[in-house]
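J.: Here you go, one structure.
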Amino acid sequence: MTTLAGSFTYLVTFLLMMAGFFIIIARGNLIKKLIGLGIFQSSVYLLYVGPAKIVGGTAPILAAGFTVYSNPLPHVLILTAIVVGVATLALGLALVVLIRESYGTIEEDDILKLDILPEPETEQA
Amino acid sequence: MSITQHLPVLQVALPLLAAPLALIVRQRRVAFAILLAASLACLAISLALWNHVQDGSVISYAIGSWPPPWGIEYRVDRLNAFVLVLVSGMASLVLLFSWRSIEAEIAEDRHYLFYTMFALCLTGLLGITITGDAFNVFVFLEVSSLSTYVLIAMGQKRRALVAAYQYLIMGTIGATLIVMGIGMLYLMTGTLNLYDMAERLGPLQGQRPVLAALAFITVGVSLKVALFPLHQWLPNAYTYAPSAVSAFLAATATKVAIYVLLRFYFSVFGQTIFLDLPVRPLLIALALAGMFVASFLAIYQLDLKRLFAFSSVAQVGYIVLGIGMGNAAGLTSSVLHLFNHGITKGAIFLLLGLVVFALGGTQLSRLKGLGKTMPITSIGLVICGLSLIGIPGTSGFISKWYLIMAAVELGHWWLVFLIVSSSLLATAYVWKFVDVAYFQSPETPAAAGRALPLTMVLPALLLTASTLYFGIDTRFTIGSATGAVASMIGAQP
């Protein structure tokens, strides 16, 4: 575990996490922010799935010749997390579409500028 | 098995079933009826559960008859039974309020979608509270969060969309950090059951992944709690959401997040790790900063809804301060304030909903002479404002009293001074409303606005009255809170 190879998945996990987090903070484009959020969430998938995989391990089935098993539980948990991630991304993109329709831009700076102006008293469609 | 044995799962299953039903019927009236029935049933169930655990017993329910720790366990003790009562009670009142309130704020063809989302939000909040499984906490957290983003985006102004987007980004970061922390705990202990985890964490105290998990969970949940300085999403979300949504979120969402914090600190990590690490000074420092900075910001707001949103951040500070002090009195004050502030803020946002209904907005410039045009609503807001300050006779006083007692017990006299002086700031922002409502005359004397429907007035006044009631008759609240704290501290391995 102390070797670089042993902690490779952890390194990749945190590299992805920080890369995603950086995009969320540094980018003003609402869609790019969501891409960053997607990468940020993906890092967690690796954190769970990486340690659960055993080299040469199979699914936990009783059959002759198989004695090394990988733990299926983390994989199942991450399936759930992936579904959550997809739902979040879909909702985020839907919000961006609505923001584009009512503001005419998806750049955060422009939206902040428009918000300073007194808002037209129209209800959103 | 009789039906009463299945109450814990019904608590979550009923609103979960109500959501697709409301979506299928596509009719505002039927959707509302389904939801109201489901939330009232939830309230009855939560009261029954609360009543059952008052003797100190714990209800453990194995989902699908898979015994814990292999299966998912729902576990009810005195702490989460109390939170369940708050959440389901607020849901019922807010639903009743929403019937006429969303008529004015959301397009008619979207009402059934509003009720669908409301049902999912309720499912999520009740699920987080009742479950005894770490990964379940994350799943229900996302169920409630995703539906909350949609509910906020249903606000009238286009800024609601941006507020929802910002909350989505912040909320997802928070949830991802939480699931990261849970993942580390799972890797270290090999279990997801919170209580099994607590036992297995015993010999692992002080190991770095466990400490990292504590850090991840603390930061992630603090984002959902809106603990200063992670509160940036809250003011906009509360301001631009429809009135009913603001009331429901202010009364329940942050409170459930605080419950998660309490659960992880005291039931999973245990008091020793909590006492050894510099978590408590950090919580105290952030809570104090929140109490002062957010109260200062509240004073300068021009929109009453936004003013009380900042006040929420400050009040969350009091709750976290109690956790940070960590002694029995401090925790009691936290659990008490969790409930008392829930009903007070719920009442305030419902009353503001009445103002929006009658006048179309809550900007202070519109509210001149509100004491004359809407006398009952203004009195209600003043009463709730007094509760935020902590005047004797209101529920806010009770929790603040316990908070000060806790600080005295620890000998932190400077903390007593700071708690009292931050209450003065609360006086300043509440006075701002009083000044506009009672000492400025209305610009157009005849602008009395629309007549208020009973289904809106009743929940608002009921909550205002309970703010007063729980300031005088404290048997229910203090009894539950001390019981909850006993079960928290007593659950130490």
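Each chain in the structure tokens gets a letter, A, B, ..., in the order shown, and its residues are numbered from 1; ligands are numbered from 1 in order too.
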So which residues touch Asp109 of chain A within 10 Å, counting only C-alpha atoms, skipping near sequence neighbours fewer than 6 positions away, as a list in words?

T.: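 That gives Gly28, Asn29 and Asp115 of chain A.
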
J.: Please produce an output containing C-alpha atoms for each residue in the selection, written as a CSV table (one decimal), in the first residue's frame.

T.:
chain,number,residue,atom,x,y,z
A,28,GLY,CA,-17.8,31.2,-15.4
A,29,ASN,CA,-19.6,29.2,-18.1
A,115,ASP,CA,-29.2,40.9,-11.9

J.: Hey, list the chain A side of the contact with chain B: 8 Å cut-off, only C-alpha atoms, answer as a ChimeraX atom specification.

T.: /A:34,37,40-41,44,47-48,51,77,80-81,84,88,91-92,95-96,98-99,102-103,115,121-124

J.: Residues as selected, C-alpha atoms, written as a short mmCIF file (atom, residue, chain, number, x, y, z; two decimals), in the first residue's frame, can you do that?

T.:
data_model
loop_
_atom_site.label_atom_id
_atom_site.label_comp_id
_atom_site.auth_asym_id
_atom_site.auth_seq_id
_atom_site.Cartn_x
_atom_site.Cartn_y
_atom_site.Cartn_z
CA LEU A 34 -21.48 21.26 -14.68
CA LEU A 37 -19.16 18.89 -11.21
CA PHE A 40 -15.80 15.89 -9.22
CA GLN A 41 -18.51 13.28 -8.68
CA VAL A 44 -15.95 9.25 -5.76
CA LEU A 47 -12.77 5.74 -4.50
CA TYR A 48 -15.39 3.06 -3.92
CA PRO A 51 -10.35 -0.88 -3.52
CA LEU A 77 -23.47 1.45 -4.25
CA THR A 80 -26.76 4.20 -7.28
CA ALA A 81 -24.31 7.08 -7.08
CA VAL A 84 -27.75 10.25 -8.78
CA THR A 88 -28.04 15.93 -11.04
CA LEU A 91 -31.42 18.79 -13.78
CA GLY A 92 -28.46 21.15 -13.91
CA LEU A 95 -31.79 24.79 -15.35
CA VAL A 96 -29.11 26.13 -17.70
CA LEU A 98 -34.13 27.90 -18.64
CA ILE A 99 -31.48 30.42 -17.58
CA SER A 102 -34.70 34.12 -19.58
CA TYR A 103 -31.29 35.81 -19.42
CA ASP A 115 -29.17 40.86 -11.88
CA GLU A 121 -41.58 42.38 -13.80
CA THR A 122 -42.37 39.44 -16.05
CA GLU A 123 -43.03 35.94 -14.87
CA GLN A 124 -40.93 33.19 -16.34
#

J.: Which neighbours of Leu122 of chain B fall inside 8 Å, counting only C-alpha atoms, when residues of the same chain fewer than 2 positions from it are skipped, and could you give them as a ChimeraX atom specification?

T.: /B:15,87-88,91,118-120,124-126,144

J.: Write the residues of the preceding selection, restricted to C-alpha atoms, as a CSV table (one decimal), in the first residue's frame.

T.:
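What landed in out03.csv:
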chain,number,residue,atom,x,y,z
B,15,PRO,CA,-44.8,10.1,0.6
B,87,VAL,CA,-40.6,17.5,9.5
B,88,SER,CA,-43.9,15.8,9.1
B,91,ALA,CA,-45.1,19.4,5.8
B,118,PHE,CA,-42.9,18.3,-2.6
B,119,ALA,CA,-43.7,14.6,-1.9
B,120,LEU,CA,-40.1,13.6,-3.0
B,124,GLY,CA,-36.0,12.5,1.3
B,125,LEU,CA,-36.0,14.5,4.6
B,126,LEU,CA,-37.9,11.8,6.5
B,144,SER,CA,-34.5,15.7,-1.0

J.: If I take atom CA of Gln315 of chain B and atom CA of Gly290 of chain B, how far is one from the other in Å, to one decimal?

T.: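 Atom CA of Gly290 of chain B lies at a distance of 8.3 Å from atom CA of Gln315 of chain B.
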
J.: Find the residues around Leu35 of chain B up to 7 Å (only C-alpha atoms counted), leave out those fewer than 4 positions away in its own chain, and share them as a VMD selection string.

T.: chain B and resid 18 31 39 115 119

J.: Write down as a PyMOL selection string the residues of chain A whose backbone DSSP state falls under alpha helix (DSSP H).

T.: chain A and resi 8-26+30-52+72-103+108-116

J.: For the selection just defined, write its residues with C-alpha atoms to a file, as a CSV table (one decimal), in the first residue's frame.

T.:
chain,number,residue,atom,x,y,z
A,8,PHE,CA,-2.4,4.7,-7.6
A,9,THR,CA,-6.2,4.7,-7.5
A,10,TYR,CA,-6.2,7.1,-4.6
A,11,LEU,CA,-3.9,9.4,-6.4
A,12,VAL,CA,-6.1,9.4,-9.5
A,13,THR,CA,-9.2,9.8,-7.3
A,14,PHE,CA,-7.9,13.0,-5.7
A,15,LEU,CA,-6.4,14.3,-8.9
A,16,LEU,CA,-9.9,14.0,-10.6
A,17,MET,CA,-11.5,15.5,-7.5
A,18,MET,CA,-9.3,18.5,-7.5
A,19,ALA,CA,-9.5,19.0,-11.2
A,20,GLY,CA,-13.3,18.9,-11.1
A,21,PHE,CA,-13.3,21.3,-8.1
A,22,PHE,CA,-11.0,23.7,-9.9
A,23,ILE,CA,-13.2,23.8,-13.0
A,24,ILE,CA,-16.3,24.5,-10.8
A,25,ILE,CA,-14.5,27.4,-9.2
A,26,ALA,CA,-12.5,28.8,-12.1
A,30,LEU,CA,-22.5,27.4,-16.5
A,31,ILE,CA,-22.2,24.3,-18.6
A,32,LYS,CA,-18.4,24.1,-18.0
A,33,LYS,CA,-19.2,24.3,-14.3
A,34,LEU,CA,-21.5,21.3,-14.7
A,35,ILE,CA,-18.7,19.4,-16.5
A,36,GLY,CA,-16.5,20.1,-13.6
A,37,LEU,CA,-19.2,18.9,-11.2
A,38,GLY,CA,-19.4,15.7,-13.2
A,39,ILE,CA,-15.7,15.1,-12.9
A,40,PHE,CA,-15.8,15.9,-9.2
A,41,GLN,CA,-18.5,13.3,-8.7
A,42,SER,CA,-16.7,10.7,-10.8
A,43,SER,CA,-13.8,10.7,-8.5
A,44,VAL,CA,-16.0,9.3,-5.8
A,45,TYR,CA,-16.9,6.4,-8.0
A,46,LEU,CA,-13.3,5.4,-8.2
A,47,LEU,CA,-12.8,5.7,-4.5
A,48,TYR,CA,-15.4,3.1,-3.9
A,49,VAL,CA,-14.8,0.8,-6.9
A,50,GLY,CA,-11.0,0.8,-6.9
A,51,PRO,CA,-10.4,-0.9,-3.5
A,52,ALA,CA,-13.2,-3.3,-4.1
A,72,PRO,CA,-20.0,-6.6,-5.1
A,73,LEU,CA,-21.4,-4.1,-2.6
A,74,PRO,CA,-19.3,-1.1,-3.5
A,75,HIS,CA,-20.1,-1.7,-7.1
A,76,VAL,CA,-23.8,-1.7,-6.4
A,77,LEU,CA,-23.5,1.5,-4.2
A,78,ILE,CA,-21.7,3.2,-7.1
A,79,LEU,CA,-24.4,2.2,-9.5
A,80,THR,CA,-26.8,4.2,-7.3
A,81,ALA,CA,-24.3,7.1,-7.1
A,82,ILE,CA,-24.0,7.1,-10.9
A,83,VAL,CA,-27.8,7.4,-11.2
A,84,VAL,CA,-27.7,10.2,-8.8
A,85,GLY,CA,-25.0,11.9,-10.8
A,86,VAL,CA,-26.9,11.5,-14.0
A,87,ALA,CA,-30.0,13.0,-12.4
A,88,THR,CA,-28.0,15.9,-11.0
A,89,LEU,CA,-26.4,16.6,-14.4
A,90,ALA,CA,-29.8,16.4,-16.2
A,91,LEU,CA,-31.4,18.8,-13.8
A,92,GLY,CA,-28.5,21.2,-13.9
A,93,LEU,CA,-28.6,21.3,-17.7
A,94,ALA,CA,-32.3,21.8,-17.7
A,95,LEU,CA,-31.8,24.8,-15.4
A,96,VAL,CA,-29.1,26.1,-17.7
A,97,VAL,CA,-31.6,25.9,-20.6
A,98,LEU,CA,-34.1,27.9,-18.6
A,99,ILE,CA,-31.5,30.4,-17.6
A,100,ARG,CA,-30.4,30.8,-21.2
A,101,GLU,CA,-34.1,31.4,-22.2
A,102,SER,CA,-34.7,34.1,-19.6
A,103,TYR,CA,-31.3,35.8,-19.4
A,108,GLU,CA,-22.0,33.8,-14.8
A,109,ASP,CA,-20.5,37.3,-15.0
A,110,ASP,CA,-23.1,38.5,-17.5
A,111,ILE,CA,-25.9,37.0,-15.4
A,112,LEU,CA,-24.6,38.9,-12.3
A,113,LYS,CA,-24.5,42.1,-14.3
A,114,LEU,CA,-28.1,41.6,-15.5
A,115,ASP,CA,-29.2,40.9,-11.9
A,116,ILE,CA,-27.9,44.2,-10.7

J.: Between atom CA of Val382 of chain B and atom CA of Val430 of chain B, what is the spacing in Å?

T.: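 Value for the atom CA of Val430 of chain B-atom CA of Val382 of chain B distance: 7.5 Å.
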
J.: Hey, can you check how far atom CA of Thr191 of chain B sits from atom CA of Val268 of chain B?

T.: 11.8 Å

J.: Show which residues sit within 10 Å of Arg366 of chain B, as a list in words. Count only C-alpha atoms, and ignore same-chain residues fewer than 4 positions away.

T.: Asp303, Val355, Leu359, Gly360, Gly361, Thr362, Leu370, Val436, Ala437, Pro442 and Glu443 of chain B

J.: What would the file look like if the residues just selected were written as a PDB file, in the first residue's frame with C-alpha atoms?

T.:
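Ended up saving to again-v8.pdb:
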ATOM      1  CA  ASP B 303     -36.246  42.651   1.205  1.00  0.00           C
ATOM      2  CA  VAL B 355     -47.774  39.362   2.572  1.00  0.00           C
ATOM      3  CA  LEU B 359     -49.203  42.796  -1.775  1.00  0.00           C
ATOM      4  CA  GLY B 360     -47.176  40.864  -4.356  1.00  0.00           C
ATOM      5  CA  GLY B 361     -43.767  41.210  -2.706  1.00  0.00           C
ATOM      6  CA  THR B 362     -41.815  41.605   0.518  1.00  0.00           C
ATOM      7  CA  LEU B 370     -48.279  47.121   7.266  1.00  0.00           C
ATOM      8  CA  VAL B 436     -41.471  50.162   8.564  1.00  0.00           C
ATOM      9  CA  ALA B 437     -44.698  48.483   9.607  1.00  0.00           C
ATOM     10  CA  PRO B 442     -48.814  53.579   3.879  1.00  0.00           C
ATOM     11  CA  GLU B 443     -48.171  55.393   0.613  1.00  0.00           C
TER      12      GLU B 443
END
